[in-house]
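Source file: run.cif; contents: mmCIF, C-alpha atoms.
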```
data_entry
#
loop_
_atom_site.label_atom_id
_atom_site.label_comp_id
_atom_site.auth_asym_id
_atom_site.auth_seq_id
_atom_site.Cartn_x
_atom_site.Cartn_y
_atom_site.Cartn_z
CA MET A 1 -12.34 3.20 2.79
CA PRO A 2 -15.50 5.34 3.06
CA ALA A 3 -13.91 8.28 1.21
CA ALA A 4 -12.94 6.01 -1.68
CA GLN A 5 -16.40 4.43 -1.83
CA ARG A 6 -18.08 7.84 -1.90
CA ALA A 7 -15.71 8.98 -4.64
CA ARG A 8 -16.46 5.86 -6.67
CA ARG A 9 -20.20 6.47 -6.49
CA ARG A 10 -19.80 10.07 -7.64
CA LEU A 11 -17.47 9.12 -10.50
CA VAL A 12 -19.71 6.28 -11.67
CA LYS A 13 -22.69 8.61 -11.68
CA ARG A 14 -20.76 11.15 -13.71
CA TYR A 15 -18.83 8.93 -16.13
CA GLY A 16 -20.40 5.47 -15.97
CA ASP A 17 -18.55 2.25 -15.27
CA ALA A 18 -17.25 -0.84 -17.03
CA ARG A 19 -16.16 -4.29 -15.97
CA PRO A 20 -12.36 -4.61 -15.63
CA GLU A 21 -12.31 -7.19 -18.42
CA THR A 22 -13.66 -4.67 -20.95
CA ALA A 23 -12.19 -1.44 -19.55
CA ASP A 24 -9.44 0.44 -21.39
CA VAL A 25 -8.07 1.96 -18.18
CA VAL A 26 -8.45 0.91 -14.55
CA VAL A 27 -9.04 3.86 -12.21
CA ALA A 28 -8.02 3.05 -8.63
CA LEU A 29 -9.41 5.14 -5.75
CA GLY A 30 -7.60 4.94 -2.42
CA GLY A 31 -4.04 5.04 -1.12
CA ASP A 32 -0.79 3.33 -1.95
CA GLY A 33 -1.95 0.03 -0.44
CA LEU A 34 -4.92 -0.01 -2.79
CA MET A 35 -2.66 0.86 -5.72
CA LEU A 36 -0.33 -2.04 -4.92
CA ALA A 37 -3.29 -4.42 -4.66
CA THR A 38 -4.63 -3.13 -7.99
CA LEU A 39 -1.27 -3.55 -9.70
CA GLN A 40 -1.05 -7.10 -8.35
CA ARG A 41 -4.57 -7.92 -9.53
CA PHE A 42 -4.09 -6.58 -13.06
CA MET A 43 -0.40 -7.41 -13.37
CA ASN A 44 -0.83 -9.58 -16.45
CA SER A 45 -3.73 -7.74 -18.04
CA GLY A 46 -1.75 -5.10 -19.92
CA LYS A 47 -4.25 -2.47 -18.74
CA PRO A 48 -2.87 0.90 -17.57
CA ILE A 49 -3.66 1.93 -14.00
CA TYR A 50 -4.57 5.49 -13.06
CA GLY A 51 -4.81 6.12 -9.33
CA MET A 52 -6.51 8.98 -7.51
CA HIS A 53 -5.77 9.65 -3.88
CA ARG A 54 -8.65 8.83 -1.57
CA GLY A 55 -6.70 6.99 1.13
CA THR A 56 -3.92 7.53 3.67
CA VAL A 57 -0.57 7.53 1.87
CA GLY A 58 -0.76 8.60 -1.77
CA PHE A 59 2.75 8.67 -3.19
CA LEU A 60 1.69 6.43 -6.07
CA MET A 61 -1.56 8.28 -6.68
CA ASN A 62 -2.67 11.34 -8.63
CA GLU A 63 -4.56 14.20 -6.99
CA TYR A 64 -8.27 13.50 -6.65
CA ASN A 65 -10.51 15.60 -8.85
CA GLU A 66 -13.88 14.67 -10.30
CA ARG A 67 -13.66 17.06 -13.25
CA ASP A 68 -12.36 16.26 -16.75
CA LEU A 69 -11.43 12.66 -16.02
CA HIS A 70 -11.43 11.71 -19.72
CA LYS A 71 -9.07 14.59 -20.52
CA ARG A 72 -6.77 13.67 -17.62
CA LEU A 73 -6.58 10.08 -18.80
CA ALA A 74 -5.85 11.14 -22.37
CA ALA A 75 -3.06 13.48 -21.23
CA ALA A 76 -1.56 11.17 -18.62
CA GLN A 77 2.06 10.10 -18.90
CA VAL A 78 3.02 6.44 -18.71
CA THR A 79 5.53 5.04 -16.22
CA VAL A 80 6.58 1.45 -16.92
CA ILE A 81 7.45 -0.67 -13.90
CA HIS A 82 8.46 -4.30 -13.45
CA PRO A 83 7.96 -6.44 -10.34
CA LEU A 84 10.51 -8.47 -8.47
CA ILE A 85 10.17 -12.25 -8.48
CA MET A 86 10.87 -13.94 -5.16
CA ARG A 87 11.57 -17.68 -5.01
CA ALA A 88 11.78 -18.75 -1.37
CA ARG A 89 12.70 -22.27 -0.29
CA ASP A 90 11.35 -23.18 3.14
CA ALA A 91 12.57 -25.61 5.80
CA ALA A 92 10.57 -28.47 4.22
CA GLY A 93 12.16 -27.87 0.80
CA ARG A 94 9.03 -26.34 -0.75
CA VAL A 95 9.56 -23.47 -3.17
CA HIS A 96 7.21 -20.48 -2.91
CA ARG A 97 7.06 -18.01 -5.79
CA HIS A 98 5.65 -14.49 -5.35
CA ARG A 99 5.96 -11.13 -7.09
CA ALA A 100 6.66 -7.84 -5.33
CA ILE A 101 6.05 -4.36 -6.68
CA ASN A 102 7.61 -2.55 -3.70
CA GLU A 103 10.17 -4.81 -2.05
CA VAL A 104 11.21 -8.23 -0.84
CA SER A 105 12.20 -8.28 2.84
CA LEU A 106 13.75 -10.91 5.07
CA PHE A 107 13.07 -10.60 8.81
CA ARG A 108 14.19 -12.52 11.88
CA GLN A 109 11.32 -14.54 13.38
CA THR A 110 12.65 -14.64 16.96
CA TYR A 111 14.59 -12.43 19.35
CA GLN A 112 17.88 -13.59 17.82
CA ALA A 113 19.36 -11.69 14.88
CA ALA A 114 19.38 -13.36 11.49
CA ARG A 115 22.63 -14.64 10.00
CA LEU A 116 22.61 -14.27 6.22
CA ARG A 117 24.97 -14.93 3.32
CA ILE A 118 24.40 -12.75 0.25
CA PHE A 119 25.22 -13.41 -3.39
CA VAL A 120 24.79 -11.12 -6.39
CA ASP A 121 24.88 -12.87 -9.78
CA ASP A 122 26.33 -15.97 -8.07
CA ASN A 123 29.23 -13.98 -6.61
CA GLU A 124 29.43 -13.95 -2.82
CA ARG A 125 29.28 -10.33 -1.67
CA LEU A 126 28.76 -10.82 2.06
CA ALA A 127 29.90 -14.02 3.71
CA GLU A 128 27.92 -13.17 6.81
CA LEU A 129 25.47 -10.41 7.67
CA VAL A 130 24.13 -10.42 11.22
CA ALA A 131 21.09 -8.17 11.34
CA ASP A 132 17.36 -7.91 11.98
CA GLY A 133 16.86 -8.37 8.25
CA VAL A 134 17.62 -7.22 4.74
CA MET A 135 15.56 -5.64 1.98
CA LEU A 136 15.61 -5.50 -1.81
CA ALA A 137 13.44 -2.61 -3.04
CA THR A 138 12.33 -1.59 -6.50
CA PRO A 139 12.42 2.09 -7.46
CA ALA A 140 8.66 2.27 -6.83
CA GLY A 141 9.20 0.89 -3.33
CA SER A 142 12.32 2.85 -2.46
CA THR A 143 10.35 5.72 -0.91
CA ALA A 144 8.57 3.47 1.60
CA TYR A 145 10.24 1.10 4.09
CA ASN A 146 13.57 1.43 2.32
CA LEU A 147 13.64 5.18 3.02
CA SER A 148 12.63 4.61 6.65
CA VAL A 149 15.84 2.61 7.23
CA GLN A 150 17.96 5.38 5.69
CA GLY A 151 18.21 3.79 2.27
CA PRO A 152 18.40 6.07 -0.77
CA ILE A 153 15.46 6.89 -2.96
CA ILE A 154 16.10 5.25 -6.31
CA PRO A 155 15.44 6.55 -9.82
CA ILE A 156 13.47 4.16 -12.02
CA GLY A 157 15.79 1.42 -13.32
CA ALA A 158 17.63 -0.12 -10.35
CA PRO A 159 16.52 -2.10 -7.29
CA ARG A 160 17.94 -1.51 -3.79
CA TRP A 161 20.02 -3.98 -1.78
CA HIS A 162 21.62 -3.44 1.68
CA GLY A 163 23.77 -0.40 1.07
CA ALA A 164 24.19 -0.93 -2.66
CA LEU A 165 22.51 0.10 -5.90
CA LEU A 166 22.25 -2.77 -8.35
CA PRO A 167 21.39 -2.85 -12.06
CA ASP A 168 17.89 -4.07 -12.82
CA HIS A 169 19.21 -7.31 -14.36
CA ALA A 170 20.99 -8.38 -11.15
CA ARG A 171 20.05 -11.60 -9.40
CA VAL A 172 20.29 -11.65 -5.62
CA THR A 173 20.43 -14.84 -3.55
CA ILE A 174 20.25 -14.82 0.23
CA GLU A 175 21.07 -17.93 2.21
CA VAL A 176 19.96 -18.25 5.82
CA LEU A 177 22.70 -19.47 8.13
CA GLU A 178 21.56 -21.42 11.20
CA PRO A 179 17.93 -21.53 9.98
CA ALA A 180 16.76 -23.77 12.84
CA LYS A 181 18.30 -21.61 15.58
CA ARG A 182 17.71 -18.26 13.87
CA PRO A 183 14.56 -18.66 11.70
CA VAL A 184 13.84 -16.05 9.04
CA ALA A 185 10.67 -15.05 7.19
CA ALA A 186 10.60 -13.67 3.64
CA VAL A 187 7.92 -11.23 2.51
CA ALA A 188 7.15 -10.09 -1.05
CA ASP A 189 4.96 -7.01 -0.51
CA HIS A 190 2.24 -8.79 1.50
CA ASP A 191 2.96 -12.46 0.71
CA GLU A 192 4.92 -14.05 3.56
CA VAL A 193 6.87 -17.32 3.69
CA ARG A 194 8.01 -18.50 7.12
CA SER A 195 11.21 -20.38 8.03
CA VAL A 196 13.04 -19.92 4.74
CA ARG A 197 16.39 -21.52 3.94
CA SER A 198 17.19 -19.44 0.85
CA VAL A 199 15.61 -16.70 -1.24
CA ASP A 200 16.32 -15.85 -4.89
CA MET A 201 15.21 -12.48 -6.31
CA HIS A 202 15.37 -10.75 -9.66
CA MET A 203 13.38 -8.22 -11.64
CA ASP A 204 10.77 -9.74 -13.92
CA HIS A 205 11.20 -7.89 -17.22
CA ALA A 206 8.65 -10.18 -18.88
CA THR A 207 5.92 -8.61 -16.76
CA THR A 208 5.25 -4.96 -17.60
CA MET A 209 2.83 -2.70 -15.75
CA HIS A 210 1.80 0.76 -16.90
CA MET A 211 1.02 3.42 -14.32
CA LEU A 212 -0.54 6.70 -15.49
CA PHE A 213 0.35 10.05 -13.95
CA ASP A 214 -0.77 13.59 -14.62
CA PRO A 215 1.76 15.67 -16.62
CA GLY A 216 4.45 17.09 -14.35
CA HIS A 217 3.65 14.60 -11.58
CA SER A 218 5.16 11.39 -12.93
CA LEU A 219 6.70 8.79 -10.63
CA ASP A 220 10.17 9.84 -11.81
CA GLU A 221 9.43 13.46 -10.87
CA ARG A 222 8.12 12.45 -7.46
CA ILE A 223 11.19 10.34 -6.75
CA ILE A 224 13.47 13.27 -7.63
CA SER A 225 11.40 15.67 -5.53
CA GLU A 226 11.50 13.34 -2.51
CA GLN A 227 15.32 13.36 -2.63
CA PHE A 228 15.27 17.14 -2.19
CA GLY A 229 12.68 17.13 0.57
CA HIS A 230 9.71 18.41 -1.48
#
```
In structure tokens, write the structure found in this file.
Amino acid sequence: MPAAQRARRRLVKRYGDARPETADVVVALGGDGLMLATLQRFMNSGKPIYGMHRGTVGFLMNEYNERDLHKRLAAAQVTVIHPLIMRARDAAGRVHRHRAINEVSLFRQTYQAARLRIFVDDNERLAELVADGVMLATPAGSTAYNLSVQGPIIPIGAPRWHGALLPDHARVTIEVLEPAKRPVAAVADHDEVRSVRSVDMHMDHATTMHMLFDPGHSLDERIISEQFGH
């Protein structure tokens, strides 16, 4: 975005720049979409990510300010997040593996509602769910699409599944009933798999990402504030 590009030029002029491979901290300028893309890109780097809002939606970003960037980074508080792993098996039997920072969603591909069977830790919890789709959201993603469908905002530590809060070690399996007649697509953030037969999801505790927030404006604090309408 033009605002983000202008901000980058001003910050580089003021503080200099470094290649991501040698940087201690990655500073992301934009909105939540840019932050998600940055987290995906540096997911396995171990580098902390500090975002400043120069985009549209900025729930995951800090307030933009060009002053005292080094001091802000030194004082920033760390929020640790883990992605979801989605393993989707398609109609041809191929397995597609993607990670999601916000949520994994299953959507009907045609005018007919999807028919889904849902398991949690290999225990059948819903023999049949007839709906437009279903979503499993992480705490970081619970303020986005999950909130728009009247789901609760979730404190860090538990993902969201259709009407239920699950521990972060839960494994969710969704089987598509009548996949030929009622095809379903699975989406992990922005990675889509069409015509899935089954989808397995769990939180990937082996992958740790560190987001940096200004004191008093951590992700936990924002999640709590959102629940009270602030």
### Task
Considering all atoms listed in the file, state which residue in the set A:Val172, A:Ile118, A:Val187, A:Val25 is at the smallest distance from Arg72 (chain A).
A:Val25
### Message
Please enumerate the residues selected by the PyMOL selection byres ((chain A and resi 36-40) around 9) when evaluated against the supplied file, formatted as a list in words.
### Response
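The output of the PyMOL selection byres ((chain A and resi 36-40) around 9) on this file is Val26, Ala28, Gly31, Asp32, Gly33, Leu34, Met35, Arg41, Phe42, Met43, Asn44, Ile49, Leu60, Arg99, Ala100, Ile101, Asn102, Asp189, Met209, His210 and Met211 of chain A.
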Set up a box along x, y and z of the file covering all listed atoms of region 79-98 of chain A, add 5 Å on every one of the six sides, and write the centre and edge lengths in Å to one decimal, as AutoDock Vina command-line options.
```
--center_x 9.1 --center_y -11.7 --center_z -5.6 --size_x 17.2 --size_y 43.5 --size_z 32.7
```
### Query
Between A:Gln77, A:Thr207, A:Val27, A:Phe213, which one has atoms that come closest to Ser45 (chain A), using only C-alpha atoms?
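The answer is A:Thr207, which sits nearest to Ser45 (chain A).
If you measure from each of A:Ala18, A:Val95, A:Ala140, A:Ala127 to Val176 (chain A) using all atoms listed in the file, the closest one turns out to be A:Ala127.
The space separating CA of Val78 (chain A) from CA of Asp200 (chain A) comes to 29.4 Å.
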### Message
Measuring between only C-alpha atoms, which one of A:Arg182, A:Arg10, A:Glu21, A:Val199 shows the shortest distance to Tyr111 (chain A)?
### Response
A:Arg182
### Message
Set the distance at 12 Å and use all atoms listed in the file: which residues neighbour Tyr15 (chain A) once local chain neighbours fewer than 5 positions away are removed? I'd like the list as a list in words.
### Response
Ala7, Arg8, Arg9, Arg10, Val27, Glu66, Arg67, Asp68, Leu69 and His70 of chain A
### Query
Between A:Arg19, A:His202, A:Lys181, A:Arg6, which has the minimum distance to Gln109 (chain A) (counting only C-alpha atoms)?
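When distances to Gln109 (chain A) are compared using only C-alpha atoms, the smallest one comes from A:Lys181.
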### Task
Taking the file above as input, evaluate the PyMOL selection byres ((chain A and resi 135) around 7) and report the hits as a ChimeraX atom specification.
/A:103-106,133-134,136-137,161-162
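Minimum atom-to-atom distances from A:Gly58, A:Pro167, A:Pro48, A:Gly93 to Leu73 (chain A) were compared using all atoms listed in the file, and the lowest value belongs to A:Pro48.
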### Task
Quick one: apply the PyMOL selection byres ((chain A and resi 113) around 8) to the file and drop the selected residues here as a list in words.
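For this structure, the PyMOL selection byres ((chain A and resi 113) around 8) resolves to Arg108, Thr110, Tyr111, Gln112, Ala114, Arg115, Val130, Ala131, Asp132, Gly133 and Arg182 of chain A.
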Any chance you could export the current selection's C-alpha atoms as a short mmCIF file (atom, residue, chain, number, x, y, z; two decimals), keeping the file's coordinate frame?
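Once written, result-v9.cif looks like this:
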```cif
data_model
loop_
_atom_site.label_atom_id
_atom_site.label_comp_id
_atom_site.auth_asym_id
_atom_site.auth_seq_id
_atom_site.Cartn_x
_atom_site.Cartn_y
_atom_site.Cartn_z
CA ARG A 108 14.19 -12.52 11.88
CA THR A 110 12.65 -14.64 16.96
CA TYR A 111 14.59 -12.43 19.35
CA GLN A 112 17.88 -13.59 17.82
CA ALA A 114 19.38 -13.36 11.49
CA ARG A 115 22.63 -14.64 10.00
CA VAL A 130 24.13 -10.42 11.22
CA ALA A 131 21.09 -8.17 11.34
CA ASP A 132 17.36 -7.91 11.98
CA GLY A 133 16.86 -8.37 8.25
CA ARG A 182 17.71 -18.26 13.87
#
```
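For the pair CA of Ser195 (chain A) and CA of Pro139 (chain A), the separation is 27.3 Å.
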All heavy atoms modelled onto region 102-113 of chain A, as an mmCIF file, keeping the file's coordinate frame:
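Writing the result to out.cif gives the following:
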```cif
data_model
loop_
_atom_site.group_PDB
_atom_site.id
_atom_site.type_symbol
_atom_site.label_atom_id
_atom_site.label_comp_id
_atom_site.auth_asym_id
_atom_site.auth_seq_id
_atom_site.Cartn_x
_atom_site.Cartn_y
_atom_site.Cartn_z
ATOM 1 N N ASN A 102 6.818 -3.439 -4.555
ATOM 2 C CA ASN A 102 7.610 -2.550 -3.700
ATOM 3 C C ASN A 102 8.952 -3.144 -3.304
ATOM 4 O O ASN A 102 9.996 -2.599 -3.617
ATOM 5 C CB ASN A 102 6.827 -2.189 -2.438
ATOM 6 C CG ASN A 102 6.110 -0.870 -2.571
ATOM 7 O OD1 ASN A 102 6.172 -0.212 -3.597
ATOM 8 N ND2 ASN A 102 5.419 -0.472 -1.514
ATOM 9 N N GLU A 103 8.923 -4.248 -2.555
ATOM 10 C CA GLU A 103 10.170 -4.810 -2.050
ATOM 11 C C GLU A 103 9.988 -6.244 -1.598
ATOM 12 O O GLU A 103 8.869 -6.703 -1.340
ATOM 13 C CB GLU A 103 10.723 -3.985 -0.873
ATOM 14 C CG GLU A 103 10.000 -4.174 0.448
ATOM 15 C CD GLU A 103 8.770 -3.316 0.597
ATOM 16 O OE1 GLU A 103 8.791 -2.133 0.221
ATOM 17 O OE2 GLU A 103 7.752 -3.854 1.093
ATOM 18 N N VAL A 104 11.137 -6.939 -1.504
ATOM 19 C CA VAL A 104 11.210 -8.230 -0.840
ATOM 20 C C VAL A 104 12.043 -8.012 0.421
ATOM 21 O O VAL A 104 13.134 -7.432 0.365
ATOM 22 C CB VAL A 104 11.863 -9.302 -1.720
ATOM 23 C CG1 VAL A 104 12.080 -10.589 -0.930
ATOM 24 C CG2 VAL A 104 11.003 -9.573 -2.951
ATOM 25 N N SER A 105 11.522 -8.474 1.553
ATOM 26 C CA SER A 105 12.200 -8.280 2.840
ATOM 27 C C SER A 105 12.378 -9.624 3.528
ATOM 28 O O SER A 105 11.520 -10.501 3.438
ATOM 29 C CB SER A 105 11.385 -7.359 3.753
ATOM 30 O OG SER A 105 11.114 -6.129 3.130
ATOM 31 N N LEU A 106 13.512 -9.759 4.204
ATOM 32 C CA LEU A 106 13.750 -10.910 5.070
ATOM 33 C C LEU A 106 13.866 -10.399 6.494
ATOM 34 O O LEU A 106 14.608 -9.439 6.761
ATOM 35 C CB LEU A 106 15.040 -11.643 4.674
ATOM 36 C CG LEU A 106 14.928 -12.641 3.512
ATOM 37 C CD1 LEU A 106 14.809 -11.904 2.184
ATOM 38 C CD2 LEU A 106 16.132 -13.572 3.483
ATOM 39 N N PHE A 107 13.106 -11.035 7.419
ATOM 40 C CA PHE A 107 13.070 -10.600 8.810
ATOM 41 C C PHE A 107 13.378 -11.776 9.735
ATOM 42 O O PHE A 107 12.976 -12.914 9.458
ATOM 43 C CB PHE A 107 11.679 -10.073 9.193
ATOM 44 C CG PHE A 107 11.227 -8.889 8.403
ATOM 45 C CD1 PHE A 107 10.298 -9.022 7.376
ATOM 46 C CD2 PHE A 107 11.706 -7.626 8.697
ATOM 47 C CE1 PHE A 107 9.862 -7.920 6.654
ATOM 48 C CE2 PHE A 107 11.278 -6.521 7.984
ATOM 49 C CZ PHE A 107 10.355 -6.664 6.964
ATOM 50 N N ARG A 108 14.034 -11.482 10.845
ATOM 51 C CA ARG A 108 14.190 -12.520 11.880
ATOM 52 C C ARG A 108 12.829 -12.832 12.482
ATOM 53 O O ARG A 108 11.995 -11.950 12.656
ATOM 54 C CB ARG A 108 15.151 -12.040 12.962
ATOM 55 C CG ARG A 108 14.720 -10.798 13.717
ATOM 56 C CD ARG A 108 15.792 -10.404 14.725
ATOM 57 N NE ARG A 108 15.488 -9.130 15.383
ATOM 58 C CZ ARG A 108 14.779 -9.006 16.486
ATOM 59 N NH1 ARG A 108 14.252 -10.084 17.063
ATOM 60 N NH2 ARG A 108 14.559 -7.824 17.027
ATOM 61 N N GLN A 109 12.600 -14.114 12.819
ATOM 62 C CA GLN A 109 11.320 -14.540 13.380
ATOM 63 C C GLN A 109 11.343 -14.591 14.905
ATOM 64 O O GLN A 109 10.285 -14.705 15.531
ATOM 65 C CB GLN A 109 10.933 -15.920 12.846
ATOM 66 C CG GLN A 109 10.569 -15.929 11.383
ATOM 67 C CD GLN A 109 10.198 -17.308 10.870
ATOM 68 O OE1 GLN A 109 10.203 -17.528 9.683
ATOM 69 N NE2 GLN A 109 9.880 -18.252 11.748
ATOM 70 N N THR A 110 12.530 -14.556 15.505
ATOM 71 C CA THR A 110 12.650 -14.640 16.960
ATOM 72 C C THR A 110 13.476 -13.469 17.462
ATOM 73 O O THR A 110 13.825 -12.562 16.704
ATOM 74 C CB THR A 110 13.306 -15.966 17.379
ATOM 75 O OG1 THR A 110 14.672 -15.981 16.926
ATOM 76 C CG2 THR A 110 12.567 -17.161 16.790
ATOM 77 N N TYR A 111 13.800 -13.509 18.753
ATOM 78 C CA TYR A 111 14.590 -12.430 19.350
ATOM 79 C C TYR A 111 16.028 -12.417 18.861
ATOM 80 O O TYR A 111 16.722 -11.394 18.996
ATOM 81 C CB TYR A 111 14.572 -12.576 20.884
ATOM 82 C CG TYR A 111 15.266 -13.825 21.389
ATOM 83 C CD1 TYR A 111 16.614 -13.813 21.713
ATOM 84 C CD2 TYR A 111 14.559 -15.017 21.521
ATOM 85 C CE1 TYR A 111 17.247 -14.962 22.166
ATOM 86 C CE2 TYR A 111 15.183 -16.166 21.964
ATOM 87 C CZ TYR A 111 16.525 -16.141 22.288
ATOM 88 O OH TYR A 111 17.152 -17.287 22.712
ATOM 89 N N GLN A 112 16.497 -13.530 18.274
ATOM 90 C CA GLN A 112 17.880 -13.590 17.820
ATOM 91 C C GLN A 112 18.013 -12.993 16.415
ATOM 92 O O GLN A 112 17.156 -13.191 15.552
ATOM 93 C CB GLN A 112 18.385 -15.030 17.810
ATOM 94 C CG GLN A 112 18.610 -15.594 19.207
ATOM 95 C CD GLN A 112 19.297 -16.953 19.144
ATOM 96 O OE1 GLN A 112 18.776 -17.881 18.525
ATOM 97 N NE2 GLN A 112 20.445 -17.069 19.777
ATOM 98 N N ALA A 113 19.106 -12.288 16.195
ATOM 99 C CA ALA A 113 19.360 -11.690 14.880
ATOM 100 C C ALA A 113 19.530 -12.780 13.832
ATOM 101 O O ALA A 113 19.951 -13.903 14.124
ATOM 102 C CB ALA A 113 20.607 -10.815 14.933
#
```
